[in-house]
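Text of the file structure-v5.txt, holding compact mmCIF, C-alpha atoms:
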# COMPACT_ATOMS: atom_id res chain seq x y z
CA MET Q 16 -21.38 14.07 21.97
CA LYS Q 17 -18.47 12.45 23.74
CA GLU Q 18 -16.37 14.06 26.45
CA LEU Q 19 -14.64 11.33 28.43
CA ILE Q 20 -11.48 11.12 26.33
CA TYR Q 21 -8.13 12.62 27.19
CA HIS Q 22 -7.96 14.80 24.07
CA ARG Q 23 -10.60 17.01 25.74
CA LEU Q 24 -8.39 17.59 28.77
CA LEU Q 25 -4.77 17.63 27.61
CA LEU Q 26 -5.03 19.56 24.33
CA PRO Q 27 -6.78 22.62 25.85
CA ALA Q 28 -4.32 22.54 28.76
CA VAL Q 29 -1.42 22.69 26.33
CA ALA Q 30 -3.04 25.52 24.35
CA ASN Q 31 -3.55 27.54 27.54
CA ASN Q 32 -0.15 26.80 29.11
CA ALA Q 33 2.15 26.32 26.11
CA ASP Q 34 5.20 28.10 27.55
CA ARG Q 35 4.70 27.10 31.19
CA PRO Q 36 6.57 24.18 32.81
CA CYS Q 37 4.84 20.84 32.32
CA ALA Q 38 7.27 18.25 33.68
CA THR Q 39 10.59 18.38 35.53
CA ASN Q 40 12.88 15.43 36.14
CA ALA Q 41 13.91 15.94 39.78
CA GLY Q 42 16.97 13.77 39.18
CA THR Q 43 18.41 15.82 36.32
CA GLY Q 44 16.65 19.16 36.75
CA VAL Q 45 15.55 19.17 33.09
CA THR Q 46 12.15 20.80 32.48
CA THR Q 47 9.87 20.59 29.45
CA THR Q 48 7.11 23.09 28.70
CA PHE Q 49 3.57 22.04 27.83
CA ALA Q 50 4.25 22.74 24.14
CA GLU Q 51 7.46 20.68 24.23
CA HIS Q 52 5.68 17.91 26.08
CA LEU Q 53 2.91 17.61 23.49
CA HIS Q 54 5.48 17.69 20.66
CA ASN Q 55 7.36 14.82 22.32
CA VAL Q 56 4.08 12.95 22.77
CA SER Q 57 3.30 13.38 19.06
CA LEU Q 58 6.76 12.08 18.13
CA THR Q 59 6.27 9.15 20.51
CA ILE Q 60 3.02 8.23 18.76
CA GLY Q 61 4.75 8.47 15.40
CA GLY Q 62 7.57 6.29 16.71
CA LEU Q 63 5.12 3.72 18.04
CA GLN Q 64 3.41 3.60 14.66
CA SER Q 65 6.77 3.00 12.96
CA LEU Q 66 7.20 -0.04 15.23
CA GLY Q 67 3.76 -1.37 14.29
CA VAL Q 68 1.86 -0.22 17.37
CA GLY Q 69 -1.64 1.12 16.68
CA ARG Q 70 -4.49 2.36 18.86
CA SER Q 71 -5.50 -1.09 20.13
CA ASP Q 72 -2.00 -2.62 20.37
CA ARG Q 73 -0.17 -2.97 23.67
CA PHE Q 74 3.24 -1.51 24.46
CA ALA Q 75 5.05 -1.91 27.79
CA ILE Q 76 7.16 0.37 29.99
CA MET Q 77 9.71 -0.75 32.56
CA THR Q 78 11.62 2.32 33.71
CA LEU Q 79 12.03 4.53 36.72
CA ASN Q 80 9.74 7.57 36.93
CA SER Q 81 10.54 10.25 34.35
CA PRO Q 82 8.99 12.86 32.04
CA GLU Q 83 9.45 10.31 29.24
CA TYR Q 84 7.20 7.94 31.20
CA LEU Q 85 4.60 10.73 31.30
CA GLU Q 86 4.96 11.21 27.53
CA LEU Q 87 4.42 7.49 26.94
CA TYR Q 88 1.28 7.49 29.09
CA HIS Q 89 -0.10 10.50 27.23
CA ALA Q 90 0.77 8.93 23.89
CA ALA Q 91 -1.48 6.01 24.82
CA PHE Q 92 -4.26 8.31 26.03
CA LEU Q 93 -4.17 10.26 22.75
CA GLY Q 94 -4.64 7.09 20.70
CA GLY Q 95 -1.09 5.81 20.30
CA GLY Q 96 -1.70 2.40 21.84
CA VAL Q 97 -2.62 0.62 25.06
CA VAL Q 98 0.02 1.22 27.72
CA ASN Q 99 1.17 -1.75 29.80
CA PRO Q 100 3.12 -0.26 32.76
CA LEU Q 101 5.21 -3.05 34.27
CA ASN Q 102 5.62 -3.50 37.99
CA LEU Q 103 9.30 -2.94 38.76
CA ARG Q 104 9.16 -5.77 41.31
CA PHE Q 105 8.05 -8.42 38.84
CA ALA Q 106 10.36 -11.44 38.77
CA PRO Q 107 11.51 -12.76 35.36
CA LYS Q 108 8.81 -15.46 35.38
CA GLU Q 109 6.09 -12.86 36.01
CA LEU Q 110 7.51 -10.49 33.39
CA ALA Q 111 7.63 -13.18 30.73
CA TYR Q 112 4.05 -14.16 31.53
CA VAL Q 113 2.72 -10.58 31.50
CA LEU Q 114 4.44 -9.64 28.25
CA ARG Q 115 3.35 -12.84 26.52
CA ASP Q 116 -0.20 -12.76 27.93
CA SER Q 117 -0.69 -9.13 26.86
CA GLY Q 118 0.65 -9.67 23.36
CA THR Q 119 3.19 -6.88 23.87
CA LYS Q 120 5.79 -6.58 21.09
CA VAL Q 121 7.42 -3.27 22.08
CA CYS Q 122 8.89 -2.53 25.51
CA PHE Q 123 10.42 0.77 26.65
CA VAL Q 124 13.18 0.30 29.22
CA ASP Q 125 15.94 2.27 30.93
CA ALA Q 126 19.42 1.07 31.79
CA TRP Q 127 18.18 -0.24 35.15
CA PHE Q 128 15.83 -2.81 33.60
CA ALA Q 129 17.04 -3.37 30.02
CA GLY Q 130 18.98 -6.50 30.95
CA LEU Q 131 16.00 -8.00 32.74
CA ILE Q 132 13.71 -7.47 29.74
CA ASP Q 133 16.42 -8.75 27.40
CA SER Q 134 16.67 -11.94 29.47
CA VAL Q 135 12.98 -12.75 28.86
CA LYS Q 136 12.74 -11.24 25.38
CA GLU Q 137 12.51 -14.50 23.43
CA GLU Q 138 10.20 -16.25 25.88
CA ALA Q 139 7.93 -13.19 26.02
CA GLY Q 140 7.86 -12.58 22.27
CA ILE Q 141 9.26 -9.03 22.47
CA GLU Q 142 10.40 -7.67 19.08
CA HIS Q 143 11.61 -4.19 20.02
CA ILE Q 144 13.40 -3.01 23.19
CA VAL Q 145 13.50 0.80 23.23
CA LEU Q 146 16.17 2.23 25.55
CA VAL Q 147 15.18 5.46 27.29
CA GLY Q 148 17.87 7.76 28.67
CA GLY Q 149 20.96 6.15 27.20
CA GLY Q 150 23.55 3.94 28.84
CA ASP Q 151 25.30 0.70 28.01
CA ALA Q 152 22.38 -1.71 28.00
CA PRO Q 153 20.84 -4.19 25.56
CA HIS Q 154 18.26 -2.70 23.17
CA THR Q 155 17.11 -2.75 19.57
CA VAL Q 156 16.57 1.01 19.20
CA SER Q 157 17.23 4.04 21.36
CA HIS Q 158 14.38 6.29 22.42
CA SER Q 159 16.17 9.35 21.04
CA ASP Q 160 16.73 7.71 17.65
CA LEU Q 161 13.11 6.53 17.54
CA LEU Q 162 11.81 10.06 18.11
CA ALA Q 163 14.37 11.65 15.75
CA ALA Q 164 13.13 9.48 12.87
CA ALA Q 165 9.42 9.80 13.69
CA ASN Q 166 6.76 11.96 12.10
CA PRO Q 167 4.72 13.84 14.74
CA VAL Q 168 1.19 12.42 14.98
CA ILE Q 169 -1.84 13.32 17.12
CA PRO Q 170 -4.53 10.80 16.15
CA ASP Q 171 -8.15 11.85 15.80
CA GLU Q 172 -10.32 11.43 18.86
CA GLY Q 173 -11.27 7.84 19.51
CA GLU Q 174 -14.19 6.50 21.51
CA GLU Q 175 -14.86 6.62 25.24
CA SER Q 176 -14.90 2.83 25.17
CA ASP Q 177 -11.39 2.54 23.66
CA PRO Q 178 -9.04 0.52 25.89
CA VAL Q 179 -6.09 2.64 26.98
CA VAL Q 180 -4.37 0.94 29.95
CA LEU Q 181 -3.60 -2.72 30.61
CA MET Q 182 -2.24 -2.77 34.16
CA TYR Q 183 -1.28 -6.11 35.70
CA THR Q 184 -2.03 -6.45 39.37
CA GLY Q 185 -0.34 -9.12 41.43
CA GLY Q 186 -2.88 -9.73 44.17
CA THR Q 187 -1.82 -12.28 46.78
CA THR Q 188 -1.82 -15.58 44.89
CA GLY Q 189 -1.03 -16.87 41.41
CA LEU Q 190 0.17 -15.01 38.34
CA PRO Q 191 -0.77 -11.34 37.80
CA LYS Q 192 -4.13 -10.46 36.25
CA GLY Q 193 -4.33 -7.84 33.51
CA VAL Q 194 -6.81 -5.05 34.32
CA LEU Q 195 -8.09 -3.53 31.07
CA LEU Q 196 -9.29 0.06 31.48
CA ASP Q 197 -10.90 2.34 28.90
CA GLN Q 198 -10.91 6.10 28.37
CA ARG Q 199 -14.27 6.49 30.08
CA ALA Q 200 -13.19 4.78 33.31
CA GLU Q 201 -9.92 6.70 33.54
CA MET Q 202 -11.55 10.07 32.76
CA LEU Q 203 -14.34 9.52 35.28
CA ASN Q 204 -11.76 8.68 37.91
CA ALA Q 205 -9.86 11.87 37.06
CA TYR Q 206 -13.11 13.85 37.32
CA HIS Q 207 -13.90 12.25 40.70
CA VAL Q 208 -10.55 13.37 42.05
CA MET Q 209 -10.73 16.83 40.45
CA MET Q 210 -14.05 17.41 42.21
CA ARG Q 211 -12.23 17.12 45.53
CA LEU Q 212 -8.62 18.15 44.86
CA HIS Q 213 -8.53 21.48 43.05
CA PHE Q 214 -5.37 21.85 40.98
CA THR Q 215 -4.53 25.07 39.12
CA GLY Q 216 -1.74 26.42 37.00
CA GLU Q 217 0.01 27.37 40.25
CA THR Q 218 0.00 23.79 41.53
CA VAL Q 219 3.32 21.95 41.67
CA ASN Q 220 2.57 18.23 41.96
CA LEU Q 221 5.32 15.88 43.11
CA ILE Q 222 4.98 12.42 41.52
CA GLN Q 223 6.94 10.10 43.80
CA THR Q 224 4.85 6.92 43.87
CA PRO Q 225 5.95 4.50 41.11
CA MET Q 226 4.36 5.49 37.82
CA PHE Q 227 3.46 1.87 37.06
CA HIS Q 228 1.10 1.97 40.05
CA ALA Q 229 -2.54 3.02 39.99
CA ALA Q 230 -1.80 5.45 42.84
CA SER Q 231 0.05 7.63 40.31
CA MET Q 232 -2.76 7.82 37.75
CA PHE Q 233 -4.25 11.09 38.92
CA GLY Q 234 -0.83 12.73 38.85
CA VAL Q 235 -0.31 11.35 35.35
CA LEU Q 236 -3.69 12.54 34.02
CA GLY Q 237 -5.28 15.14 36.30
CA GLY Q 238 -2.31 17.38 37.04
CA PRO Q 239 -1.34 18.07 33.40
CA ALA Q 240 -5.03 18.44 32.47
CA GLN Q 241 -5.29 21.39 34.86
CA GLY Q 242 -2.03 23.08 33.88
CA ALA Q 243 -0.14 21.89 36.96
CA HIS Q 244 3.64 21.52 36.95
CA SER Q 245 4.62 17.87 37.51
CA VAL Q 246 7.91 17.36 39.34
CA ILE Q 247 8.84 13.72 38.88
CA GLN Q 248 11.03 11.86 41.38
CA PRO Q 249 12.81 9.01 39.55
CA LEU Q 250 13.04 6.73 42.58
CA PHE Q 251 11.76 7.24 46.11
CA SER Q 252 14.29 7.70 48.88
CA PRO Q 253 13.69 9.96 51.88
CA PRO Q 254 16.83 12.11 51.45
CA ASP Q 255 16.17 12.64 47.73
CA VAL Q 256 12.50 13.47 48.28
CA MET Q 257 13.35 15.97 51.02
CA LYS Q 258 15.90 17.65 48.73
CA THR Q 259 13.29 17.81 45.96
CA VAL Q 260 10.75 19.37 48.34
CA GLN Q 261 13.28 21.98 49.40
CA LYS Q 262 14.26 22.81 45.81
CA TYR Q 263 10.90 22.82 44.01
CA GLN Q 264 8.46 23.54 46.86
CA PRO Q 265 5.76 21.18 45.56
CA THR Q 266 2.25 21.87 46.80
CA THR Q 267 0.64 18.45 46.32
CA THR Q 268 1.71 14.81 46.35
CA VAL Q 269 0.57 11.22 46.87
CA MET Q 270 2.46 8.95 49.28
CA VAL Q 271 1.76 5.49 50.61
CA PRO Q 272 1.97 5.29 54.41
CA THR Q 273 5.28 3.42 54.27
CA MET Q 274 6.84 6.33 52.36
CA ILE Q 275 5.55 8.82 54.94
CA GLY Q 276 6.85 6.69 57.80
CA MET Q 277 10.28 6.20 56.24
CA THR Q 278 10.63 9.93 55.55
CA MET Q 279 9.57 11.07 59.01
CA ALA Q 280 11.79 8.46 60.69
CA HIS Q 281 14.87 9.34 58.64
CA PRO Q 282 17.80 10.83 60.63
CA GLU Q 283 17.93 13.82 58.26
CA PHE Q 284 14.21 14.60 58.59
CA THR Q 285 13.12 18.07 59.63
CA PRO Q 286 9.59 19.51 59.37
CA GLU Q 287 10.70 21.34 56.21
CA GLY Q 288 11.18 17.93 54.58
CA LEU Q 289 7.44 17.72 53.86
CA GLY Q 290 6.60 21.28 54.75
CA SER Q 291 5.76 22.78 51.34
CA PHE Q 292 2.67 20.66 50.75
CA THR Q 293 -0.75 22.24 51.03
CA ASP Q 294 -2.32 18.86 50.17
CA LEU Q 295 -0.98 15.37 50.89
CA VAL Q 296 -2.90 12.28 49.78
CA TYR Q 297 -2.16 8.85 51.22
CA GLY Q 298 -3.55 5.44 50.37
CA ALA Q 299 -2.82 1.98 48.93
CA SER Q 300 -2.40 0.48 52.44
CA PRO Q 301 -3.62 1.19 55.98
CA MET Q 302 -2.06 4.15 57.81
CA PRO Q 303 -0.83 3.30 61.33
CA GLN Q 304 -2.76 5.51 63.75
CA ALA Q 305 0.38 6.64 65.58
CA LEU Q 306 1.96 7.80 62.31
CA LEU Q 307 -1.22 9.59 61.24
CA GLN Q 308 -1.45 11.39 64.60
CA LYS Q 309 2.20 12.43 64.28
CA LEU Q 310 1.62 13.77 60.76
CA LEU Q 311 -1.47 15.73 61.82
CA ALA Q 312 0.28 17.22 64.85
CA LEU Q 313 3.33 18.30 62.87
CA TYR Q 314 1.37 19.83 59.97
CA PRO Q 315 -1.92 21.23 61.35
CA ASP Q 316 -2.45 23.49 58.32
CA MET Q 317 -1.81 20.78 55.72
CA ASN Q 318 -4.87 19.33 53.95
CA ILE Q 319 -4.49 15.59 54.48
CA TRP Q 320 -6.55 13.20 52.37
CA GLN Q 321 -7.02 9.45 52.24
CA GLY Q 322 -8.02 7.72 49.02
CA TYR Q 323 -9.28 4.13 48.93
CA GLY Q 324 -9.63 2.10 45.78
CA MET Q 325 -7.91 -0.42 43.56
CA THR Q 326 -6.42 -0.85 40.09
CA GLU Q 327 -9.75 -2.17 38.84
CA SER Q 328 -11.46 1.14 39.70
CA SER Q 329 -8.85 3.33 37.99
CA SER Q 330 -8.26 3.80 41.08
CA VAL Q 331 -10.32 5.77 43.67
CA LEU Q 332 -13.67 4.87 45.25
CA THR Q 333 -13.73 6.85 48.51
CA PHE Q 334 -12.14 9.94 50.05
CA LEU Q 335 -11.53 10.94 53.63
CA GLY Q 336 -10.97 14.69 53.51
CA PRO Q 337 -9.12 17.32 55.54
CA ASP Q 338 -12.15 18.20 57.69
CA GLU Q 339 -12.49 14.63 58.94
CA HIS Q 340 -8.75 14.39 59.57
CA ARG Q 341 -8.82 17.59 61.63
CA ALA Q 342 -11.90 16.41 63.53
CA GLY Q 343 -10.02 13.24 64.47
CA GLY Q 344 -11.58 10.59 66.66
CA GLY Q 345 -13.33 7.75 64.89
CA TYR Q 346 -12.97 9.43 61.52
CA LEU Q 347 -9.29 8.55 61.50
CA ARG Q 348 -10.19 4.86 61.30
CA ALA Q 349 -12.47 5.41 58.27
CA ALA Q 350 -11.61 5.05 54.59
CA GLY Q 351 -13.96 7.93 53.77
CA LYS Q 352 -17.18 8.41 51.85
CA PRO Q 353 -17.81 7.39 48.23
CA ALA Q 354 -16.86 9.74 45.44
CA LEU Q 355 -19.78 11.32 43.60
CA GLY Q 356 -21.30 8.65 41.36
CA VAL Q 357 -19.86 5.73 43.35
CA VAL Q 358 -22.32 3.53 45.26
CA LEU Q 359 -21.15 1.12 47.95
CA SER Q 360 -22.85 -1.83 49.60
CA ILE Q 361 -21.75 -4.41 52.14
CA GLN Q 362 -22.72 -7.95 51.17
CA ASP Q 363 -22.56 -11.43 52.65
CA ASP Q 364 -21.39 -14.56 50.83
CA GLU Q 365 -24.80 -14.99 49.18
CA GLY Q 366 -24.88 -11.43 47.83
CA ASN Q 367 -27.36 -10.13 50.39
CA VAL Q 368 -26.92 -6.47 51.34
CA LEU Q 369 -26.09 -6.20 55.04
CA PRO Q 370 -27.42 -3.52 57.39
CA THR Q 371 -25.51 -0.49 58.63
CA GLY Q 372 -22.65 -1.39 60.95
CA GLU Q 373 -22.49 -5.07 60.02
CA PRO Q 374 -19.21 -6.18 58.37
CA GLY Q 375 -19.10 -8.07 55.11
CA GLU Q 376 -17.56 -7.73 51.67
CA VAL Q 377 -17.23 -4.21 50.30
CA CYS Q 378 -18.95 -4.02 46.89
CA ALA Q 379 -19.19 -1.06 44.53
CA ARG Q 380 -20.92 0.30 41.45
CA ALA Q 381 -19.37 3.11 39.41
CA GLY Q 382 -18.41 4.14 35.90
CA ASN Q 383 -14.69 4.06 36.61
CA PHE Q 384 -14.34 0.27 36.68
CA MET Q 385 -12.35 -1.88 34.28
CA ILE Q 386 -13.71 -3.49 31.14
CA GLU Q 387 -12.42 -6.91 32.15
CA TYR Q 388 -9.56 -9.01 33.38
CA TRP Q 389 -7.55 -9.60 30.21
CA ASN Q 390 -8.11 -13.09 28.80
CA LYS Q 391 -9.96 -14.14 31.99
CA PRO Q 392 -13.72 -14.11 31.31
CA GLU Q 393 -14.56 -16.36 34.28
CA ALA Q 394 -12.62 -14.20 36.74
CA THR Q 395 -14.28 -11.11 35.25
CA ALA Q 396 -17.77 -12.58 35.59
CA ASP Q 397 -17.05 -13.65 39.16
CA VAL Q 398 -15.78 -10.26 40.35
CA PHE Q 399 -18.79 -8.46 38.77
CA ARG Q 400 -21.39 -10.99 39.94
CA GLY Q 401 -24.81 -9.62 40.78
CA GLY Q 402 -24.07 -6.31 39.06
CA TRP Q 403 -21.55 -5.24 41.70
CA TYR Q 404 -17.76 -5.18 41.74
CA HIS Q 405 -16.63 -7.38 44.63
CA THR Q 406 -13.49 -5.83 46.11
CA GLY Q 407 -12.34 -8.73 48.27
CA ASP Q 408 -12.09 -6.25 51.16
CA ALA Q 409 -14.14 -6.64 54.31
CA GLY Q 410 -15.68 -3.61 55.96
CA TYR Q 411 -18.84 -1.89 57.08
CA LEU Q 412 -20.71 1.39 56.51
CA ASP Q 413 -21.81 3.62 59.38
CA LYS Q 414 -25.06 5.57 59.52
CA ASP Q 415 -23.45 8.58 57.81
CA GLY Q 416 -22.13 6.54 54.88
CA TYR Q 417 -18.50 6.35 55.96
CA LEU Q 418 -16.67 3.17 54.98
CA TYR Q 419 -14.58 1.37 57.59
CA LEU Q 420 -12.29 -1.39 56.36
CA VAL Q 421 -11.77 -4.44 58.53
CA ASP Q 422 -9.65 -6.85 56.52
CA ARG Q 423 -9.33 -8.80 53.31
CA VAL Q 424 -12.22 -11.30 53.02
CA LYS Q 425 -9.77 -14.11 52.33
CA ASP Q 426 -8.01 -13.35 55.64
CA MET Q 427 -11.20 -13.97 57.61
CA ILE Q 428 -11.22 -16.92 60.01
CA VAL Q 429 -14.45 -18.68 60.86
CA THR Q 430 -14.34 -20.11 64.39
CA GLY Q 431 -17.23 -21.20 66.58
CA GLY Q 432 -19.65 -19.89 63.96
CA GLU Q 433 -18.21 -16.37 64.21
CA ASN Q 434 -16.27 -14.39 61.62
CA VAL Q 435 -12.95 -13.26 63.10
CA TYR Q 436 -10.69 -10.97 61.09
CA SER Q 437 -6.93 -11.29 61.35
CA THR Q 438 -6.44 -7.56 61.95
CA GLU Q 439 -8.65 -7.85 65.04
CA VAL Q 440 -6.47 -10.67 66.33
CA GLU Q 441 -3.33 -8.59 65.72

I need this file expressed as structure tokens, please.
Amino acid sequence: MKELIYHRLLLPAVANNADRPCATNAGTGVTTTFAEHLHNVSLTIGGLQSLGVGRSDRFAIMTLNSPEYLELYHAAFLGGGVVNPLNLRFAPKELAYVLRDSGTKVCFVDAWFAGLIDSVKEEAGIEHIVLVGGGDAPHTVSHSDLLAAANPVIPDEGEESDPVVLMYTGGTTGLPKGVLLDQRAEMLNAYHVMMRLHFTGETVNLIQTPMFHAASMFGVLGGPAQGAHSVIQPLFSPPDVMKTVQKYQPTTTVMVPTMIGMTMAHPEFTPEGLGSFTDLVYGASPMPQALLQKLLALYPDMNIWQGYGMTESSSVLTFLGPDEHRAGGGYLRAAGKPALGVVLSIQDDEGNVLPTGEPGEVCARAGNFMIEYWNKPEATADVFRGGWYHTGDAGYLDKDGYLYLVDRVKDMIVTGGENVYSTEVE
């Protein structure tokens, strides 16, 4: 019997929490219940079908964070298509490439980005631009009209191996690569996080990282699956986030270190600005030690977590938990220990496993990895060579299994026969 499909998580959550708040737009204050959310998801799937999008077809989103974005994600995870969440920083050239490469024919936009998508529409092969939220912007159909004309549909359960997300990651060179993820990978990642972060129906989760980013995936999937109330910040700004915290008293959130630093350095910041959180997760980039020490000193009772991973792993491989953060010392330089089911090794250029304490490339095995890089079989084979996913990150494991990151492998300098990492030089 299969289990690792989102039907098994979302549908029971809706049945058990039908009249409770599911998603609130922090910008407008509008809240939908779990029952309303699932109804909107079913209409979204029906609308996608009316535009020719089926279970294996791609559709794109380029909007600010919103409950509608959550509905579109869940539509994909219930069999309505393969969601292609577009990076809001993509330039027109990158957008045209991503849309054309993915075979996307339908793109959901808001007034912020409709003109940009319209400018690449012909080059990218887009047939339908669906405008979410209204406004005077180019589109072929409005989101409200699409849903008003749609028949509600919840497709039958698919397979664990069904692709569900095609997320393009920029990397550091060249055009973006499409990371194709299936139900199994995304559900295992959600399970990995749920084993550590325990959400309940009393949890209020603030989604403030961009919803196109892998850092938001647990908020998108895991929070609703456990009956949590998702408060969604359309666009990050320290004053707006602090107002949202004061108004809704969220208990959990994910922030990248830059967001934490900007908030705590803002002239309007007071401890109450982040004070409602029982759990705060950071990741996606290194946390400056001074900022981490400041955060820990200001909020000694807050459970602070670090998650390390990448888009290709749906997205978490390791956790550094509250106990290690409170213990301090060398733990604060670690990226944590592997999630249950994740195995790490440190390898040299020839694929040899290196001993404890010796730096090399961080490699991983787990069930939450991508199927492939879309349309890039050689790149896929290379990154999975030897039966391991090669992260491109350099690091080492200590005797207790904690991972310490050193640098990106490509940033390593070889001089005098020694490997020197640029972060060490800095």

**Message:** List the spatial neighbours of Q:Tyr297 as JSON, numbers by chain - criterion: any atom at most 6 Å away, only C-alpha atoms, same-chain residues fewer than 3 positions off excluded.
**Reply:** {"Q": [269, 270, 271, 321]}

**Item:** Spatial neighbours of Q:Gly345, max dist 10 Å, all atoms listed in the file, sep filter under 5 positions, as JSON, numbers by chain
**Value:** {"Q": [339, 340, 419]}

**Request:** Fewer than 6 positions away in the same chain doesn't count, so skip those; otherwise give me all residues within 7 Å of stretch 407-410 of chain Q, counting only C-alpha atoms, as number ranges by chain.
**Result:** Q: 374-377, 418-424

**Item:** Pick from Q:Pro170, Q:Gly242, Q:Gly366, Q:Gly351, whichever lies nearest to Q:Val398 using all atoms listed in the file
**Value:**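 Residue with the minimum atom-to-atom distance to Q:Val398: Q:Gly366.
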
**Request:** Name the closest residue to Q:Pro167 among the candidates Q:Ser57, Q:Ser300, Q:Ala111, Q:Met210; distances are taken between atoms, counting only C-alpha atoms.
**Result:**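 Closest to Q:Pro167, using only C-alpha atoms: Q:Ser57.
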
**Message:** Quick one: residues within 7 Å of Q:Leu221, all atoms listed in the file, excluding same-chain residues fewer than 4 positions away - as JSON, numbers by chain?
**Reply:** {"Q": [245, 246, 247, 265, 267, 268]}

Is there a way to complete stretch 194-199 of chain Q with all heavy atoms and then write that out as a short mmCIF file (atom, residue, chain, number, x, y, z; two decimals), keeping the file's coordinate frame?
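The resulting result04.cif:
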data_model
loop_
_atom_site.label_atom_id
_atom_site.label_comp_id
_atom_site.auth_asym_id
_atom_site.auth_seq_id
_atom_site.Cartn_x
_atom_site.Cartn_y
_atom_site.Cartn_z
N VAL Q 194 -5.62 -5.88 34.16
CA VAL Q 194 -6.81 -5.05 34.32
C VAL Q 194 -6.90 -4.13 33.11
O VAL Q 194 -6.04 -3.27 32.92
CB VAL Q 194 -6.73 -4.24 35.63
CG1 VAL Q 194 -7.90 -3.28 35.75
CG2 VAL Q 194 -6.67 -5.18 36.83
N LEU Q 195 -7.93 -4.32 32.29
CA LEU Q 195 -8.09 -3.53 31.07
C LEU Q 195 -9.04 -2.37 31.33
O LEU Q 195 -10.21 -2.58 31.68
CB LEU Q 195 -8.63 -4.41 29.93
CG LEU Q 195 -8.67 -3.74 28.55
CD1 LEU Q 195 -7.27 -3.39 28.05
CD2 LEU Q 195 -9.40 -4.63 27.54
N LEU Q 196 -8.53 -1.15 31.17
CA LEU Q 196 -9.29 0.06 31.48
C LEU Q 196 -9.46 0.90 30.22
O LEU Q 196 -8.55 1.00 29.40
CB LEU Q 196 -8.54 0.88 32.54
CG LEU Q 196 -8.39 0.16 33.89
CD1 LEU Q 196 -7.15 0.63 34.61
CD2 LEU Q 196 -9.63 0.39 34.73
N ASP Q 197 -10.64 1.53 30.09
CA ASP Q 197 -10.90 2.34 28.90
C ASP Q 197 -10.83 3.83 29.24
O ASP Q 197 -10.68 4.24 30.40
CB ASP Q 197 -12.23 1.96 28.26
CG ASP Q 197 -13.44 2.13 29.16
OD1 ASP Q 197 -13.33 2.82 30.20
OD2 ASP Q 197 -14.51 1.58 28.82
N GLN Q 198 -10.95 4.65 28.19
CA GLN Q 198 -10.91 6.10 28.37
C GLN Q 198 -11.96 6.56 29.36
O GLN Q 198 -11.68 7.39 30.24
CB GLN Q 198 -11.15 6.79 27.01
CG GLN Q 198 -10.03 6.66 26.00
CD GLN Q 198 -9.01 7.79 26.11
OE1 GLN Q 198 -9.12 8.67 26.95
NE2 GLN Q 198 -8.00 7.75 25.26
N ARG Q 199 -13.16 6.04 29.24
CA ARG Q 199 -14.27 6.49 30.08
C ARG Q 199 -13.97 6.27 31.56
O ARG Q 199 -14.16 7.17 32.40
CB ARG Q 199 -15.55 5.77 29.69
CG ARG Q 199 -16.78 6.15 30.51
CD ARG Q 199 -18.03 5.49 29.93
NE ARG Q 199 -19.22 5.90 30.68
CZ ARG Q 199 -19.71 5.23 31.74
NH1 ARG Q 199 -19.08 4.13 32.17
NH2 ARG Q 199 -20.79 5.64 32.35
#
